[in-house]
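Coordinates from my_file_23.cif are shown below (mmCIF, C-alpha atoms).
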```
data_coords
loop_
_atom_site.label_atom_id
_atom_site.label_comp_id
_atom_site.auth_asym_id
_atom_site.auth_seq_id
_atom_site.Cartn_x
_atom_site.Cartn_y
_atom_site.Cartn_z
CA MET A 107 32.92 -8.48 59.24
CA LEU A 108 30.09 -7.21 61.45
CA LYS A 109 28.39 -3.93 60.63
CA LEU A 110 29.61 -2.40 63.87
CA ASP A 111 33.22 -3.38 63.13
CA ARG A 112 32.96 -2.07 59.59
CA TYR A 113 31.52 1.23 60.79
CA LEU A 114 34.15 1.75 63.49
CA LEU A 115 37.01 0.67 61.24
CA GLY A 116 35.92 3.13 58.54
CA ASP A 117 35.77 5.92 61.10
CA PHE A 118 39.23 5.05 62.46
CA VAL A 119 40.81 4.84 58.99
CA GLN A 120 39.35 8.16 57.83
CA SER A 121 40.54 9.96 60.94
CA PHE A 122 44.00 8.38 60.74
CA LEU A 123 44.46 9.25 57.05
CA ALA A 124 43.29 12.84 57.58
CA THR A 125 45.73 13.28 60.48
CA LEU A 126 48.55 11.67 58.50
CA ILE A 127 48.02 14.01 55.53
CA VAL A 128 48.14 17.06 57.80
CA LEU A 129 51.32 15.86 59.51
CA LEU A 130 52.96 15.09 56.17
CA VAL A 131 52.18 18.57 54.86
CA VAL A 132 53.59 20.15 58.03
CA SER A 133 56.67 17.92 57.94
CA MET A 134 57.23 18.71 54.26
CA GLY A 135 57.90 22.34 55.15
CA GLY A 136 60.64 21.49 57.63
CA VAL A 137 62.31 18.92 55.39
CA MET A 138 62.09 21.26 52.39
CA VAL A 139 63.70 24.12 54.32
CA ASP A 140 66.57 21.86 55.41
CA ILE A 141 67.22 20.59 51.87
CA LEU A 142 66.95 24.08 50.33
CA GLY A 143 69.45 25.34 52.91
CA ARG A 144 71.94 22.68 51.88
CA ILE A 145 71.38 23.55 48.22
CA ALA A 146 71.90 27.27 48.91
CA ASP A 147 75.18 26.50 50.71
CA GLY A 148 76.39 24.61 47.66
CA GLY A 149 76.57 21.30 49.50
CA LEU A 150 73.75 19.64 47.57
CA PRO A 151 72.96 19.85 43.82
CA ALA A 152 69.57 21.40 43.05
CA ARG A 153 68.65 18.49 40.78
CA LEU A 154 68.47 16.18 43.80
CA LEU A 155 65.76 18.24 45.52
CA PHE A 156 62.78 15.97 44.89
CA SER A 157 64.69 12.69 45.21
CA GLN A 158 66.12 13.77 48.56
CA LEU A 159 62.71 15.00 49.68
CA GLY A 160 61.09 11.63 48.97
CA LEU A 161 63.89 9.64 50.58
CA GLN A 162 63.85 11.80 53.71
CA PHE A 163 60.12 11.22 54.08
CA VAL A 164 60.77 7.47 54.18
CA VAL A 165 63.42 8.03 56.87
CA TYR A 166 61.03 10.11 59.01
CA MET A 167 58.01 7.82 58.61
CA PRO A 168 58.74 5.85 61.85
CA LEU A 169 58.39 9.17 63.70
CA ILE A 170 55.36 10.55 61.83
CA LEU A 171 53.17 7.43 61.67
CA PRO A 172 52.96 6.81 65.46
CA LEU A 173 51.83 10.39 66.06
CA ALA A 174 49.30 10.19 63.21
CA LEU A 175 47.96 6.91 64.61
CA LEU A 176 47.66 8.30 68.13
CA LEU A 177 45.96 11.56 67.16
CA GLY A 178 43.74 9.93 64.54
CA LEU A 179 42.40 7.32 66.94
CA LEU A 180 42.01 9.93 69.65
CA LEU A 181 39.89 12.13 67.39
CA ALA A 182 37.78 9.21 66.18
CA VAL A 183 37.02 7.83 69.64
CA ALA A 184 36.48 11.31 71.06
CA ARG A 185 33.85 11.90 68.37
CA LEU A 186 32.03 8.76 69.51
CA TYR A 187 31.89 10.15 73.04
CA ARG A 188 30.96 13.66 71.87
CA ASP A 189 28.05 12.45 69.70
CA SER A 190 26.87 10.11 72.49
CA GLU A 191 27.45 7.09 70.25
CA MET A 192 29.65 5.50 72.87
CA SER A 193 26.90 5.92 75.46
CA VAL A 194 24.48 4.08 73.17
CA LEU A 195 27.01 1.33 72.51
CA THR A 196 27.69 0.97 76.23
CA ALA A 197 23.95 0.77 76.96
CA VAL A 198 23.62 -2.28 74.70
CA GLY A 199 26.66 -3.97 76.27
CA VAL A 200 29.36 -2.81 73.84
CA GLY A 201 32.05 -1.08 75.87
CA PRO A 202 35.51 0.28 75.04
CA ARG A 203 36.93 -3.25 75.18
CA ARG A 204 34.70 -4.16 72.23
CA LEU A 205 36.58 -1.54 70.19
CA LEU A 206 39.70 -3.70 70.30
CA ARG A 207 38.79 -5.75 67.22
CA PRO A 208 38.25 -2.86 64.75
CA LEU A 209 41.07 -0.99 66.46
CA LEU A 210 43.58 -3.77 65.79
CA MET A 211 42.38 -4.05 62.19
CA LEU A 212 43.93 -0.62 61.66
CA VAL A 213 46.72 -0.68 64.22
CA ILE A 214 48.37 -3.96 63.20
CA PRO A 215 48.93 -3.00 59.51
CA VAL A 216 50.18 0.45 60.53
CA VAL A 217 52.56 -1.03 63.13
CA VAL A 218 53.86 -3.47 60.50
CA LEU A 219 54.40 -0.54 58.13
CA ILE A 220 56.25 1.38 60.85
CA GLY A 221 58.46 -1.65 61.50
CA ALA A 222 59.20 -2.01 57.77
CA CYS A 223 60.10 1.68 57.47
CA SER A 224 62.19 1.61 60.64
CA MET A 225 64.13 -1.59 60.03
CA TRP A 226 64.35 -1.86 56.23
CA LEU A 227 62.98 1.01 54.15
CA GLY A 228 64.51 3.79 56.28
CA PRO A 229 68.10 2.45 56.16
CA TRP A 230 67.68 1.73 52.45
CA ALA A 231 66.54 5.32 51.86
CA ASP A 232 69.53 6.60 53.85
CA ARG A 233 71.96 4.51 51.79
CA THR A 234 70.31 5.58 48.53
CA SER A 235 70.48 9.24 49.55
CA GLU A 236 74.19 8.98 50.35
CA ARG A 237 74.88 7.21 47.06
CA LEU A 238 73.04 9.86 45.03
CA ILE A 239 74.89 12.67 46.81
CA ASP A 240 78.26 10.98 46.28
CA GLU A 241 77.53 10.48 42.59
CA ALA A 242 76.38 14.08 42.27
CA ASN A 243 79.56 15.37 43.88
CA ARG A 244 81.57 13.57 41.21
CA SER A 245 79.55 14.75 38.22
CA VAL A 246 79.66 18.18 36.62
CA LEU A 247 76.16 17.66 35.25
CA LEU A 248 74.59 17.02 38.65
CA ALA A 249 76.69 19.74 40.26
CA GLY A 250 74.57 22.25 38.38
CA LEU A 251 77.05 23.14 35.63
CA GLU A 252 75.27 22.85 32.31
CA ALA A 253 76.61 23.50 28.83
CA GLY A 254 75.39 26.57 26.99
CA ARG A 255 74.34 28.72 29.95
CA PHE A 256 75.84 30.82 32.73
CA THR A 257 75.74 29.24 36.19
CA SER A 258 76.17 31.14 39.45
CA LEU A 259 78.59 29.67 41.96
CA PRO A 260 77.63 29.54 45.67
CA ASN A 261 80.90 31.25 46.65
CA GLY A 262 80.30 34.10 44.21
CA GLY A 263 81.06 34.43 40.53
CA VAL A 264 79.74 32.83 37.38
CA VAL A 265 80.92 30.05 35.06
CA TYR A 266 80.03 29.18 31.47
CA LEU A 267 80.70 25.88 29.71
CA SER A 268 80.47 25.48 25.95
CA ALA A 269 80.25 21.67 26.10
CA VAL A 270 80.16 18.82 28.62
CA SER A 271 80.95 15.17 27.95
CA PRO A 272 78.11 12.61 28.43
CA ASP A 273 79.64 11.33 31.67
CA GLY A 274 79.95 14.88 33.05
CA THR A 275 83.72 14.79 33.63
CA GLN A 276 85.25 16.47 30.55
CA LEU A 277 84.52 20.12 29.71
CA GLY A 278 84.77 22.10 26.50
CA LYS A 279 85.62 25.82 26.43
CA VAL A 280 85.29 27.34 29.89
CA PHE A 281 84.70 30.95 30.96
CA MET A 282 84.78 31.91 34.65
CA GLN A 283 84.47 35.22 36.47
CA ARG A 284 84.81 35.54 40.23
CA GLN A 285 85.92 37.98 42.93
CA ARG A 286 88.64 36.93 45.34
CA GLU A 287 90.62 38.94 47.90
CA GLY A 288 89.15 42.21 46.67
CA ARG A 289 90.09 41.63 43.03
CA ILE A 290 88.18 40.38 40.02
CA GLU A 291 89.43 37.38 38.06
CA VAL A 292 88.34 36.44 34.57
CA VAL A 293 89.52 33.04 33.36
CA SER A 294 89.05 31.40 29.96
CA ALA A 295 90.30 27.95 28.98
CA ALA A 296 90.13 25.71 25.94
CA SER A 297 89.15 22.62 27.95
CA GLY A 298 88.86 21.28 31.46
CA ARG A 299 87.80 18.47 33.72
CA MET A 300 86.66 17.86 37.29
CA TYR A 301 88.80 15.89 39.73
CA PHE A 302 88.95 15.23 43.46
CA GLU A 303 91.62 15.70 46.08
CA GLY A 304 90.67 13.49 48.97
CA ASP A 305 87.04 12.51 49.33
CA LYS A 306 85.28 15.89 49.37
CA GLN A 307 87.30 18.71 47.83
CA ARG A 308 86.42 19.25 44.16
CA TYR A 309 88.59 21.04 41.62
CA LEU A 310 88.15 22.23 38.06
CA GLN A 311 91.29 21.64 36.04
CA LEU A 312 91.45 24.27 33.26
CA ASN A 313 93.84 23.70 30.37
CA ASP A 314 95.39 26.12 27.84
CA GLY A 315 93.84 29.42 28.86
CA HIS A 316 94.28 32.99 30.00
CA GLN A 317 93.64 34.73 33.31
CA ILE A 318 93.06 38.45 33.75
CA GLU A 319 93.11 39.93 37.26
CA GLY A 320 92.31 43.50 38.19
CA PRO A 321 90.67 45.88 40.67
CA PRO A 322 86.85 45.96 40.92
CA ALA A 323 86.79 49.81 40.65
CA ASP A 324 89.05 52.37 39.03
CA GLY A 325 92.70 51.50 38.67
CA LEU A 326 95.37 50.27 36.29
CA ASP A 327 96.71 47.36 38.33
CA TYR A 328 95.84 44.61 35.86
CA ARG A 329 97.68 41.34 35.36
CA LEU A 330 97.51 39.00 32.41
CA ALA A 331 98.73 35.43 32.65
CA THR A 332 98.77 32.52 30.22
CA PHE A 333 98.64 29.04 31.68
CA ALA A 334 98.85 25.47 30.51
CA ARG A 335 96.94 24.29 33.59
CA ASN A 336 95.02 26.16 36.25
CA ASP A 337 93.19 24.39 39.08
CA VAL A 338 90.19 26.16 40.56
CA ALA A 339 88.62 24.98 43.84
CA MET A 340 84.88 24.33 43.66
CA PRO A 341 82.52 24.62 46.65
CA ASP A 342 82.63 21.60 48.92
CA GLY A 343 80.08 18.92 48.13
CA ALA A 344 77.58 17.56 50.59
CA GLN A 345 79.05 15.62 53.47
CA THR A 346 78.60 11.89 53.06
CA ARG A 347 79.06 9.21 55.70
CA LYS A 348 81.30 6.19 55.71
CA ASP A 349 80.04 2.84 54.50
CA ASP A 350 80.37 1.30 57.99
CA ASP A 351 78.24 4.01 59.61
CA PRO A 352 75.61 2.16 61.73
CA GLU A 353 72.85 4.41 60.36
CA LEU A 354 73.54 3.09 56.84
CA LEU A 355 73.97 -0.59 57.66
CA PRO A 356 71.12 -3.06 57.03
CA THR A 357 69.36 -4.21 60.18
CA ARG A 358 70.53 -7.82 59.84
CA GLN A 359 74.17 -6.67 60.05
CA LEU A 360 73.53 -4.76 63.27
CA PHE A 361 72.59 -7.92 65.19
CA GLY A 362 76.18 -9.18 65.05
CA ASP A 363 77.84 -5.78 65.47
CA LYS A 364 79.08 -5.22 69.04
CA ARG A 365 79.92 -1.54 68.62
CA PRO A 366 77.89 0.70 70.98
CA GLY A 367 76.81 2.85 68.04
CA ALA A 368 75.55 -0.18 66.15
CA GLN A 369 73.64 -1.46 69.19
CA ALA A 370 72.11 2.00 69.68
CA GLN A 371 71.02 2.10 66.05
CA LEU A 372 69.54 -1.42 66.30
CA HIS A 373 67.38 -0.57 69.31
CA SER A 374 66.33 2.76 67.78
CA ARG A 375 64.90 0.74 64.87
CA LEU A 376 63.15 -1.82 67.07
CA ALA A 377 61.50 0.74 69.37
CA PRO A 378 59.13 2.71 67.03
CA PRO A 379 56.70 -0.19 66.27
CA LEU A 380 56.33 -1.03 69.96
CA ILE A 381 55.90 2.62 70.94
CA ALA A 382 53.28 3.05 68.20
CA LEU A 383 51.35 0.03 69.48
CA ALA A 384 51.42 1.40 73.04
CA PHE A 385 50.22 4.84 71.93
CA ALA A 386 47.41 3.29 69.89
CA LEU A 387 46.13 1.42 72.96
CA LEU A 388 46.40 4.57 75.09
CA ALA A 389 44.29 6.53 72.60
CA VAL A 390 41.01 4.92 73.70
CA PRO A 391 41.33 5.68 77.46
CA LEU A 392 42.65 9.19 76.71
CA ALA A 393 39.64 9.90 74.48
CA ARG A 394 37.08 9.19 77.23
CA SER A 395 35.03 12.34 77.83
CA SER A 396 31.53 13.58 78.44
CA PRO A 397 29.44 14.77 75.45
CA ARG A 398 30.01 18.47 76.21
CA GLN A 399 33.63 18.20 77.27
CA GLN A 400 36.26 19.75 75.02
CA ARG A 401 38.52 17.20 73.36
CA TYR A 402 41.50 19.45 72.60
CA GLY A 403 42.86 19.15 76.11
CA ARG A 404 43.13 15.37 75.63
CA MET A 405 44.87 15.96 72.31
CA MET A 406 47.50 18.14 74.00
CA LEU A 407 47.97 15.47 76.66
CA ALA A 408 48.40 12.81 73.97
CA PHE A 409 50.87 14.98 72.05
CA LEU A 410 52.81 15.60 75.26
CA ALA A 411 52.93 11.83 75.92
CA TYR A 412 54.23 11.30 72.37
CA MET A 413 56.94 13.95 72.81
CA VAL A 414 58.05 12.48 76.14
CA GLY A 415 58.18 8.95 74.73
CA MET A 416 60.13 9.96 71.62
CA ASN A 417 62.55 12.14 73.60
CA LEU A 418 63.21 9.26 75.98
CA MET A 419 63.89 7.06 72.95
CA PHE A 420 66.42 9.57 71.57
CA ILE A 421 68.05 10.04 74.97
CA GLY A 422 68.24 6.28 75.53
CA THR A 423 69.78 5.81 72.08
CA GLY A 424 72.46 8.36 72.97
CA TRP A 425 73.12 6.58 76.27
CA ILE A 426 73.64 3.27 74.47
CA ALA A 427 75.98 4.88 71.94
CA ASP A 428 77.99 6.48 74.78
CA GLY A 429 78.21 3.18 76.68
CA ARG A 430 76.13 4.36 79.65
CA ILE A 431 73.57 1.61 79.05
CA PRO A 432 74.61 -1.92 78.03
CA GLY A 433 73.53 -3.02 74.59
CA ALA A 434 71.64 -5.99 76.03
CA LEU A 435 69.35 -3.66 77.99
CA GLY A 436 68.85 -1.38 75.00
CA LEU A 437 65.54 0.48 75.00
CA TRP A 438 63.55 -2.36 76.57
CA TRP A 439 63.39 -0.31 79.79
CA LEU A 440 61.22 2.15 77.83
CA THR A 441 59.21 0.08 75.37
CA LEU A 442 58.16 -2.85 77.57
CA PRO A 443 56.90 -0.78 80.58
CA LEU A 444 55.13 1.60 78.20
CA LEU A 445 53.45 -1.29 76.39
CA ALA A 446 52.48 -2.93 79.71
CA LEU A 447 51.06 0.37 80.99
CA ALA A 448 49.03 0.83 77.79
CA CYS A 449 47.57 -2.69 78.04
CA TRP A 450 46.70 -2.21 81.72
CA VAL A 451 45.06 1.20 81.18
CA TYR A 452 43.10 -0.10 78.19
CA ALA A 453 41.90 -3.14 80.15
CA ARG A 454 40.84 -0.96 83.09
CA ASP A 455 38.99 1.41 80.78
CA GLY A 456 37.14 -1.44 79.11
CA ARG A 457 35.67 -2.96 82.28
CA LEU A 458 31.89 -2.95 82.47
CA SER A 459 29.91 -3.57 85.63
CA ARG A 460 27.65 -6.59 85.38
CA PRO A 461 23.91 -6.17 86.05
CA LYS A 462 22.67 -7.25 89.48
CA GLY A 463 20.49 -9.94 88.00
CA ALA A 464 23.42 -11.49 86.22
CA ARG A 465 25.41 -11.56 89.45
CA ALA A 466 22.61 -13.36 91.22
#
```

Written as structure tokens, how would this file's structure read?
Amino acid sequence: MLKLDRYLLGDFVQSFLATLIVLLVVSMGGVMVDILGRIADGGLPARLLFSQLGLQFVVYMPLILPLALLLGLLLAVARLYRDSEMSVLTAVGVGPRRLLRPLLMLVIPVVVLIGACSMWLGPWADRTSERLIDEANRSVLLAGLEAGRFTSLPNGGVVYLSAVSPDGTQLGKVFMQRQREGRIEVVSAASGRMYFEGDKQRYLQLNDGHQIEGPPADGLDYRLATFARNDVAMPDGAQTRKDDDPELLPTRQLFGDKRPGAQAQLHSRLAPPLIALAFALLAVPLARSSPRQQRYGRMMLAFLAYMVGMNLMFIGTGWIADGRIPGALGLWWLTLPLLALACWVYARDGRLSRPKGARA
């Protein structure tokens, strides 16, 4: 590798990694808030916080990496113009077109990574996330109920378990206190278990116990009941999707699936690598500036181009799913013109006028 290529590649990689780290930190806040909201609503066990956070990052990588690549390259090339390095390179016959070799040394591996995340790793992370949530909904242990300590319920109240079986289905002595319809209930049972009615609704079956019900303030309206079995509804678990949901299917199965939703999902997985490649080529012409010119205006323009491209991808995916666009057309109306425009703009930006002596 030539010294010039090595220097430019190192500059591009450093700028790309710095931008990627910043975007990941910013994205972490949004993903964390969404997951914590689901945990607070009782739809997701708290023990799945970090596993869901990691899996969701894999799902969002096809959206984060193209923006990091675009902004990183834009900052790196803009620095070359700002420090007059590009002027020196142009003076010795090395123009923007000469940047294509070190540029592709970074862009091609990143585009391959985006394609892997979009077509294989992302769907796998989605399926793994759904499987973990489904298993958690069927386990007392993962639902947050632990033996030997009081656990607050999302719908109000508290529950205490003296023992839990290793598989998390059978319970030892159970104590529960909750407020319902303006009255306080205190329930104790010798044993219990968790079971399901349908796919989502969870119940605690309490066996051989007592229930005391009374007013929360002053009063003598108390009721005592002895039961052989008492079923208590637990908060609904997290919503999981069906196994034939196109978002969960492997990419190879989508090629033979004629459903509009499956075709929309297929094209939404094929589009991010091509869009990332187009944005990477557009970064060099967008970064052209004079040494004293501010570069933040170009960054806003690049970010706006990214937002427009991604929004068109989401809108086009919805059109395919609704049947407004045939599956054969897909998102090619967006990706191919965008890629052709990026190649044309890059080629125009890289043209250098030949000296008069050379023309003669």

Name the residues captured by the PyMOL selection byres ((chain A and resi 158) around 12) when it is applied to the shown file; answer as an MDAnalysis selection string.
chainID A and resid 134 137:138 140:142 144:145 150:157 159:165 231:239

I'd like to see the residues matched by the PyMOL selection byres ((chain A and resi 181) around 9) on this file, and ideally I'd get them as a PyMOL selection string.
chain A and resi 118+121-122+176-180+182-186+389+393+401+405

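CA of Asp111 (chain A) is found 28.8 Å from CA of Leu442 (chain A).
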
Since I can't run it myself right now, could you work out what the PyMOL selection byres ((chain A and resi 372) around 9) selects here and report it as a ChimeraX atom specification?
/A:225,352-353,357,360-361,367-371,373-377,436

Spatial neighbours of region 217-219 of chain A, 7 Å, all atoms listed in the file, chain gap at least 2 places, as a ChimeraX atom specification:
/A:213-215,221-223,379,382-383

Atom pair CA of Asp189 (chain A) + CA of Leu205 (chain A), distance 16.4 Å

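Nearest to Leu387 (chain A) of all the residues A:Ile431, A:Ala448, A:Ala253, A:Ala296 is A:Ala448, based on only C-alpha atoms.
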
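If you look at CA of Lys348 (chain A) and CA of Arg299 (chain A), they are 26.0 Å away from each other.
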
Give me, as a ChimeraX atom specification, all polymer residues having an atom no more than 12 Å from Arg286 (chain A), counting all atoms listed in the file and skipping those fewer than 3 positions away in the same chain.
/A:261-263,283,289-292,319-322,338

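Restricting the calculation to only C-alpha atoms, the smallest distance between Gly278 (chain A) and any of A:Thr196, A:Asn313, A:Asn336, A:Thr257 is found for A:Asn313.
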
All residues 10 Å or closer to Asp455 (chain A), only C-alpha atoms, same chain fewer than 5 positions away omitted, as JSON, numbers by chain:
{"A": [201, 202, 203, 388, 390, 391, 392, 394, 449, 450]}
